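Engineer: Sharing query-v9.csv here; it has CSV, C-alpha atoms.
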```csv
chain,number,residue,atom,x,y,z
A,1,MET,CA,145.8,191.1,68.2
A,2,ASN,CA,144.4,193.9,65.9
A,3,GLN,CA,146.2,195.5,63.0
A,4,ASN,CA,147.2,198.5,65.0
A,5,LYS,CA,150.3,196.9,66.6
A,6,ASN,CA,152.0,200.2,67.6
A,7,ILE,CA,151.1,202.7,70.3
A,8,SER,CA,152.2,206.3,70.3
A,9,ASP,CA,153.3,208.5,73.2
A,10,SER,CA,150.3,210.8,72.7
A,11,GLU,CA,147.9,207.8,72.7
A,12,PHE,CA,149.4,206.5,75.9
A,13,ARG,CA,148.9,209.9,77.6
A,14,THR,CA,145.3,210.0,76.4
A,15,TYR,CA,144.6,206.6,78.0
A,16,TYR,CA,146.5,207.2,81.3
A,17,GLU,CA,143.8,209.2,83.3
A,18,PRO,CA,140.8,207.1,82.2
A,19,LEU,CA,142.7,203.9,83.1
A,20,LEU,CA,143.4,205.3,86.6
A,21,LYS,CA,139.7,205.7,87.1
A,22,GLY,CA,139.4,201.9,86.9
A,23,TYR,CA,141.6,201.5,90.0
A,24,ALA,CA,140.9,202.3,93.7
A,25,GLU,CA,141.9,205.8,94.8
A,26,GLU,CA,144.9,204.4,96.7
A,27,PHE,CA,146.4,203.2,93.4
A,28,LYS,CA,147.3,206.8,92.6
A,29,SER,CA,149.8,206.9,95.4
A,30,VAL,CA,151.8,203.9,94.1
A,31,ILE,CA,151.6,204.4,90.3
A,32,LYS,CA,154.3,206.4,88.5
A,33,PRO,CA,153.2,209.7,86.9
A,34,LYS,CA,152.5,209.4,83.2
A,35,ASN,CA,155.6,211.6,82.4
A,36,ASP,CA,157.8,209.1,84.1
A,37,ILE,CA,156.2,206.1,82.5
A,38,GLY,CA,156.3,207.9,79.1
A,39,LYS,CA,160.1,208.5,79.5
A,40,LEU,CA,160.6,204.8,80.3
A,41,ILE,CA,158.7,203.6,77.3
A,42,PHE,CA,159.4,206.1,74.6
A,43,THR,CA,163.1,206.3,74.7
A,44,ASP,CA,164.0,205.9,71.0
A,45,SER,CA,160.9,207.3,69.2
A,46,LYS,CA,157.4,208.5,69.8
A,47,THR,CA,155.9,205.1,68.9
A,48,ILE,CA,156.5,201.6,70.2
A,49,SER,CA,155.3,198.1,69.3
A,50,ILE,CA,153.0,196.3,71.7
A,51,GLU,CA,155.5,193.4,72.0
A,52,LYS,CA,158.4,195.7,72.8
A,53,LEU,CA,156.2,197.6,75.3
A,54,LYS,CA,155.4,194.3,77.2
A,55,SER,CA,159.1,193.4,77.1
A,56,ILE,CA,160.2,196.7,78.7
A,57,ILE,CA,157.6,196.6,81.4
A,58,LYS,CA,158.4,193.0,82.4
A,59,LYS,CA,162.0,194.1,83.1
A,60,GLU,CA,161.1,197.0,85.4
A,61,ASN,CA,160.0,194.8,88.3
A,62,ASP,CA,157.2,197.4,89.1
A,63,ILE,CA,153.9,195.6,89.5
A,64,TYR,CA,151.8,198.8,89.4
A,65,THR,CA,153.2,200.1,86.1
A,66,GLU,CA,153.0,196.5,84.7
A,67,SER,CA,149.3,196.3,85.7
A,68,LEU,CA,148.6,199.7,84.1
A,69,ILE,CA,150.3,198.7,80.8
A,70,TYR,CA,148.6,195.3,80.6
A,71,ARG,CA,145.3,197.0,81.1
A,72,LEU,CA,146.2,199.7,78.6
A,73,ILE,CA,146.9,197.1,75.9
A,74,GLY,CA,143.7,195.1,76.7
A,75,VAL,CA,141.4,198.1,76.9
A,76,ARG,CA,142.8,199.6,73.7
A,77,GLU,CA,142.2,196.3,71.9
A,78,ILE,CA,138.5,196.3,72.9
A,79,ILE,CA,138.0,199.9,71.9
A,80,TYR,CA,139.9,199.4,68.6
A,81,CYS,CA,137.8,196.3,67.6
A,82,ARG,CA,134.6,198.0,68.7
A,83,GLU,CA,135.2,201.1,66.7
A,84,ASN,CA,136.5,199.3,63.6
A,85,LYS,CA,133.9,196.5,63.8
A,86,GLN,CA,136.6,193.8,64.0
A,87,LYS,CA,136.4,190.5,65.8
A,88,LEU,CA,137.9,190.7,69.3
A,89,ASN,CA,140.4,188.1,70.4
A,90,ILE,CA,138.7,187.7,73.7
A,91,LYS,CA,141.1,185.2,75.2
A,92,TYR,CA,144.1,187.4,74.4
A,93,VAL,CA,142.4,190.3,76.1
A,94,TRP,CA,141.3,188.2,79.1
A,95,GLU,CA,144.9,187.2,79.7
A,96,LEU,CA,146.0,190.9,79.8
A,97,ILE,CA,143.1,192.2,81.9
A,98,SER,CA,143.1,189.3,84.4
A,99,LYS,CA,146.8,189.6,84.9
A,100,SER,CA,146.5,193.4,85.5
A,101,ILE,CA,144.2,192.5,88.4
A,102,LYS,CA,146.0,189.6,89.8
A,103,ILE,CA,149.5,191.0,90.1
A,104,ILE,CA,148.5,193.9,92.4
A,105,PRO,CA,147.2,193.7,95.9
A,106,ASN,CA,143.4,193.4,96.2
A,107,ASN,CA,142.9,196.8,97.8
A,108,TYR,CA,143.9,198.5,94.6
A,109,THR,CA,141.0,196.9,92.6
A,110,ILE,CA,137.5,198.2,92.6
A,111,SER,CA,135.3,195.1,92.7
A,112,SER,CA,131.6,195.4,93.7
A,113,ILE,CA,128.2,193.9,93.1
A,114,GLY,CA,125.7,196.2,91.4
A,115,SER,CA,122.0,196.2,91.1
A,116,GLN,CA,121.9,193.3,88.6
A,117,GLY,CA,123.7,190.8,90.9
A,118,PHE,CA,127.0,190.4,89.0
A,119,LEU,CA,130.5,191.4,90.1
A,120,SER,CA,131.7,194.5,88.3
A,121,ILE,CA,135.3,195.6,87.9
A,122,PRO,CA,135.8,198.9,86.1
A,123,LEU,CA,138.7,199.0,83.6
A,124,TYR,CA,138.6,202.4,81.9
A,125,LYS,CA,136.4,205.5,82.2
A,126,PHE,CA,136.6,208.5,79.8
A,127,ASP,CA,133.9,211.0,81.0
A,128,LYS,CA,134.7,214.5,79.7
A,129,SER,CA,131.2,214.7,78.1
A,130,LEU,CA,128.2,212.5,77.6
A,131,GLU,CA,128.7,212.4,73.9
A,132,SER,CA,132.3,211.1,74.2
A,133,PHE,CA,131.7,209.0,77.3
A,134,ASP,CA,133.4,205.6,77.2
A,135,PHE,CA,133.3,203.1,80.1
A,136,LEU,CA,134.7,199.5,80.1
A,137,ARG,CA,134.1,197.0,82.8
A,138,LEU,CA,134.6,193.3,83.5
A,139,HIS,CA,131.4,191.5,84.6
A,140,ILE,CA,131.3,188.2,86.4
A,141,TRP,CA,128.3,186.0,87.3
A,142,ASP,CA,128.7,183.2,89.9
A,143,ASP,CA,126.6,181.5,92.5
A,144,SER,CA,129.0,182.5,95.2
A,145,LEU,CA,127.8,186.1,94.8
A,146,ASN,CA,124.3,185.3,95.8
A,147,GLN,CA,125.1,185.5,99.5
A,148,TYR,CA,125.7,189.3,99.1
A,149,ILE,CA,122.5,190.3,97.4
A,150,ASP,CA,118.7,190.2,97.8
A,151,LEU,CA,117.7,187.9,95.0
A,152,GLU,CA,114.1,188.9,95.1
A,153,LYS,CA,114.9,192.6,94.8
A,154,CYS,CA,117.4,191.8,92.0
A,155,GLU,CA,114.6,190.0,90.1
A,156,ASN,CA,112.0,192.7,90.7
A,157,PHE,CA,114.2,195.4,89.2
A,158,SER,CA,116.1,193.5,86.6
A,159,VAL,CA,114.6,195.0,83.4
A,160,HIS,CA,116.2,198.3,82.6
A,161,THR,CA,117.6,200.6,79.9
A,162,HIS,CA,120.9,202.4,79.5
A,163,THR,CA,121.7,206.0,78.8
A,164,PHE,CA,124.5,204.8,76.5
A,165,TYR,CA,124.9,202.3,73.7
A,166,ALA,CA,126.2,199.0,75.2
A,167,GLU,CA,128.2,196.2,73.8
A,168,SER,CA,129.3,192.9,75.5
A,169,TRP,CA,131.9,190.2,74.6
A,170,VAL,CA,131.4,186.8,76.3
A,171,ILE,CA,134.7,185.5,77.9
A,172,THR,CA,133.2,182.3,79.2
A,173,GLY,CA,129.8,180.8,80.2
A,174,LYS,CA,126.3,181.3,78.9
A,175,ILE,CA,124.9,184.9,79.1
A,176,ILE,CA,121.2,185.6,78.9
A,177,ASN,CA,120.1,188.9,77.3
A,178,ASN,CA,116.3,189.1,77.1
A,179,ARG,CA,114.7,192.1,75.4
A,180,PHE,CA,111.4,193.8,76.4
A,181,ASP,CA,108.9,196.4,75.4
A,182,TYR,CA,105.8,197.9,77.0
A,183,ASN,CA,102.3,199.3,76.6
A,184,ILE,CA,101.7,202.5,78.7
A,185,ASN,CA,98.7,202.9,80.9
A,186,SER,CA,97.3,199.5,79.9
A,187,ASP,CA,94.4,197.8,81.7
A,188,ASN,CA,96.9,195.0,82.3
A,189,SER,CA,99.6,197.2,83.9
A,190,ASN,CA,101.6,195.5,86.6
A,191,HIS,CA,104.9,197.4,86.4
A,192,SER,CA,106.0,201.0,86.6
A,193,PHE,CA,108.9,203.2,85.5
A,194,PHE,CA,111.4,203.8,88.2
A,195,LYS,CA,114.1,206.5,88.3
A,196,VAL,CA,117.5,205.7,89.8
A,197,VAL,CA,118.5,208.3,92.3
A,198,TYR,CA,122.2,208.3,93.3
A,199,ASN,CA,123.9,209.6,96.4
A,200,ASP,CA,126.5,212.4,96.4
A,201,SER,CA,129.5,210.0,95.7
A,202,LEU,CA,128.4,209.4,92.1
A,203,ASN,CA,131.8,210.7,90.9
A,204,GLU,CA,133.5,207.7,92.5
A,205,VAL,CA,133.6,204.8,90.0
A,206,ASN,CA,131.4,201.9,91.2
A,207,GLN,CA,131.4,203.4,94.7
A,208,HIS,CA,127.9,205.0,94.9
A,209,THR,CA,124.7,203.9,96.5
A,210,SER,CA,121.3,204.5,95.0
A,211,LYS,CA,117.6,203.8,95.2
A,212,ALA,CA,114.8,203.2,92.6
A,213,VAL,CA,111.9,205.6,93.0
A,214,ASN,CA,108.5,204.9,91.4
A,215,GLU,CA,107.7,207.6,88.8
A,216,LYS,CA,103.9,206.6,88.8
A,217,ILE,CA,103.9,205.7,85.1
A,218,ASP,CA,102.2,202.3,84.9
A,219,ILE,CA,103.0,199.9,82.1
A,220,GLU,CA,102.2,196.5,80.8
A,221,LEU,CA,105.6,194.8,80.3
A,222,TYR,CA,106.2,192.1,77.7
A,223,GLN,CA,109.2,190.2,76.5
A,224,THR,CA,110.1,190.4,72.8
A,225,SER,CA,113.1,188.0,72.6
A,226,LYS,CA,115.2,185.5,74.5
A,227,GLU,CA,118.9,185.3,73.8
A,228,ILE,CA,121.7,183.1,75.1
A,229,HIS,CA,125.2,184.1,74.1
A,230,PHE,CA,128.1,181.7,74.5
A,231,GLU,CA,131.9,181.9,74.9
A,232,ASN,CA,133.4,184.3,72.2
A,233,GLY,CA,129.9,185.6,71.5
A,234,ASN,CA,129.0,189.3,71.2
A,235,TYR,CA,125.8,191.3,71.6
A,236,LYS,CA,124.8,195.0,71.5
A,237,ILE,CA,122.1,197.0,73.3
A,238,GLU,CA,121.0,200.3,71.9
A,239,ALA,CA,120.6,203.3,74.3
A,240,GLY,CA,117.1,203.4,75.8
A,241,LYS,CA,116.1,199.8,74.8
A,242,LEU,CA,114.8,197.6,77.6
A,243,HIS,CA,116.7,194.4,78.4
A,244,LYS,CA,117.5,192.0,81.2
A,245,SER,CA,120.9,190.3,81.6
A,246,GLY,CA,122.0,187.3,83.6
A,247,HIS,CA,123.6,183.9,83.1
A,248,THR,CA,122.6,180.3,82.8
A,249,ASN,CA,125.8,178.5,83.6
A,250,SER,CA,125.5,177.4,87.3
A,251,PRO,CA,127.5,176.1,89.0
A,252,LEU,CA,130.1,177.4,86.6
A,253,THR,CA,131.0,181.1,86.1
A,254,SER,CA,130.1,183.4,83.3
A,255,ALA,CA,132.0,186.6,82.4
A,256,THR,CA,132.0,189.4,79.9
A,257,PHE,CA,133.8,192.5,78.8
A,258,PHE,CA,131.2,195.3,78.8
A,259,SER,CA,131.4,198.7,77.2
A,260,PHE,CA,129.2,201.9,77.4
A,261,THR,CA,129.8,204.6,74.8
A,262,GLY,CA,128.0,207.9,74.1
A,263,LYS,CA,129.3,207.9,70.5
A,264,ASN,CA,126.2,206.0,69.2
A,265,GLY,CA,123.6,208.3,70.7
A,266,LEU,CA,122.0,208.9,74.1
A,267,ASP,CA,118.7,208.1,75.7
A,268,LYS,CA,117.0,207.9,79.1
A,269,SER,CA,118.0,205.4,81.7
A,270,ILE,CA,115.1,203.7,83.5
A,271,VAL,CA,114.4,200.7,85.6
A,272,ILE,CA,111.2,198.7,85.5
A,273,GLY,CA,109.7,197.4,88.8
A,274,PRO,CA,106.5,196.2,90.4
A,275,LYS,CA,104.0,199.1,90.4
A,276,HIS,CA,102.9,198.6,94.0
A,277,ILE,CA,106.4,199.5,95.3
A,278,SER,CA,107.1,203.2,95.9
A,279,GLU,CA,110.9,203.0,96.2
A,280,SER,CA,113.6,200.5,96.9
A,281,ILE,CA,117.2,200.7,97.9
A,282,ILE,CA,119.2,199.1,95.1
A,283,ASN,CA,121.4,196.1,95.7
A,284,ARG,CA,125.1,197.1,96.0
A,285,LYS,CA,127.9,195.3,97.8
A,286,MET,CA,131.4,196.9,97.8
A,287,ILE,CA,134.9,195.4,98.0
A,288,ILE,CA,134.6,191.7,96.9
A,289,ASP,CA,137.9,189.9,96.4
A,290,PRO,CA,137.7,188.6,92.8
A,291,THR,CA,140.7,186.3,93.0
A,292,GLU,CA,138.9,183.0,93.2
A,293,LEU,CA,136.5,184.0,90.4
A,294,LEU,CA,139.4,185.0,88.2
A,295,ASN,CA,141.0,181.6,88.8
A,296,LYS,CA,137.8,179.8,88.2
A,297,ILE,CA,137.5,181.6,84.8
A,298,ASP,CA,141.1,180.6,84.0
A,299,GLN,CA,140.2,176.9,84.7
A,300,GLN,CA,137.1,177.1,82.5
A,301,LEU,CA,139.2,178.5,79.6
A,302,SER,CA,142.1,176.1,79.9
```
Starting from the coordinates I provided, produce the structure as structure tokens.

Structural biologist:
Amino acid sequence: MNQNKNISDSEFRTYYEPLLKGYAEEFKSVIKPKNDIGKLIFTDSKTISIEKLKSIIKKENDIYTESLIYRLIGVREIIYCRENKQKLNIKYVWELISKSIKIIPNNYTISSIGSQGFLSIPLYKFDKSLESFDFLRLHIWDDSLNQYIDLEKCENFSVHTHTFYAESWVITGKIINNRFDYNINSDNSNHSFFKVVYNDSLNEVNQHTSKAVNEKIDIELYQTSKEIHFENGNYKIEAGKLHKSGHTNSPLTSATFFSFTGKNGLDKSIVIGPKHISESIINRKMIIDPTELLNKIDQQLS
């Protein structure tokens, strides 16, 4: 655990709404309001130790509040270590986050497959402005997910940039992170820039559909590095820098904690695809039960 072993009432209240955005909408009907949870936790003072907080929640016999608090502790640990450039105790955080998912019914968890073919579970989203944007997710790669996606489409549109600075912590497995660059309007151009266009449900976390539209800017794409990151590893991707992620751990599972933040600068988000394609609906598969994959990760870590 990090050196910041106490949490304050005001900090809890700051985290409450962004944590709710990591759950399905139905979760709001079963979770206690933040004032009620605050009164439960902060009875003697405006701060509480993490260990005492976990002890109080265990006694409540309320799985929804328990889930939220476990997720609060785990997410807070990731953000603290990222902001203070400290080593993250990944296994400790995994135990908190996985428990927060497993103790509640599946319908309260947002669990979907995105354009890159991995399972994505949002954990926290603070989105009051682009500059202060903060989004944490759990990413899982596994062969069992291949049945839900178009593998050829996934490969064609796998190289991309992010609007935000990204950082990833490897829970288990072997994660590929290859980096790329390009020459524009080259005689050897075989790719183009694509713009991702979302539908009107973009405000719903992990619940939107989208398509990649060719911007008619042809490029010659080339790879600049090949990286493999192992369990307890960590890597960063600057905003606007091309990369391609995946895993090389079949038939085993790979998983990471992944964060986006606007605090380190912003850039344009683009996808690279074959220049002969004008547009393509992006791979997305909603509502995947993650239980077996969580158990598989537990087995790999034991």

Engineer: The residues within 8 Å of (126.0, 186.8, 89.3), using all atoms listed in the file and the coordinates of the file, should be reported as a ChimeraX atom specification; which are they?

Structural biologist: /A:116-119,140-146,246-247

Engineer: Out of A:Lys28, A:Lys296, A:Arg137, A:Lys241, which residue has the shortest atom-to-atom distance to A:Ile78 when counting only C-alpha atoms?

Structural biologist: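 Ranking A:Lys28, A:Lys296, A:Arg137, A:Lys241 by distance to A:Ile78, first place goes to A:Arg137.
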
Engineer: With all atoms listed in the file as the basis for distance, which of A:Ala255, A:Leu130, A:Val197, A:Leu294 is at the shortest distance from A:Asp267?

Structural biologist: A:Leu130

Engineer: If I take atom CA of A:Lys268 and atom CA of A:Thr161, how far is one from the other in Å, to one decimal?

Structural biologist: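 Computing the Euclidean distance for atom CA of A:Lys268 and atom CA of A:Thr161 yields 7.4 Å.
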
Engineer: From the options A:Leu40, A:Glu25, A:Phe126, A:Lys263, which residue's atoms come nearest to A:Glu83, counting all atoms listed in the file?

Structural biologist: A:Lys263

Engineer: Let me make sure I understand: among A:Ser225, A:Asn107, A:Ser98, A:Ser278, which one has the smallest atom-to-atom distance to A:Thr256 if we use only C-alpha atoms?

Structural biologist: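 Answer, going by the shortest atom-to-atom distance: A:Ser98.
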
Engineer: What is the distance between atom CA of A:Ile103 and atom CA of A:Ile69, in Å to one decimal?

Structural biologist: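 Separation between atom CA of A:Ile103 and atom CA of A:Ile69: 12.1 Å.
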
Engineer: When you count only C-alpha atoms, which of these residues is closest to A:Ser192: A:Ala166, A:Ile149, A:Ile272, A:Ile297?

Structural biologist: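 Closest residue, counting only C-alpha atoms: A:Ile272.
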
Engineer: Which one is closest to A:Leu19: A:Ala212, A:Ile110, A:Leu68, A:Ile56? Count only C-alpha atoms.

Structural biologist: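 When distances to A:Leu19 are compared using only C-alpha atoms, the smallest one comes from A:Leu68.
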
Engineer: Could you pull the residues within 10 Å of stretch 173-184 of chain A, counting all atoms listed in the file, minus those fewer than 3 positions along the same chain, as a PyMOL selection string?

Structural biologist: chain A and resi 140-141+159-161+168-170+187-189+191-193+217-237+241-250+252-256+297+300-301
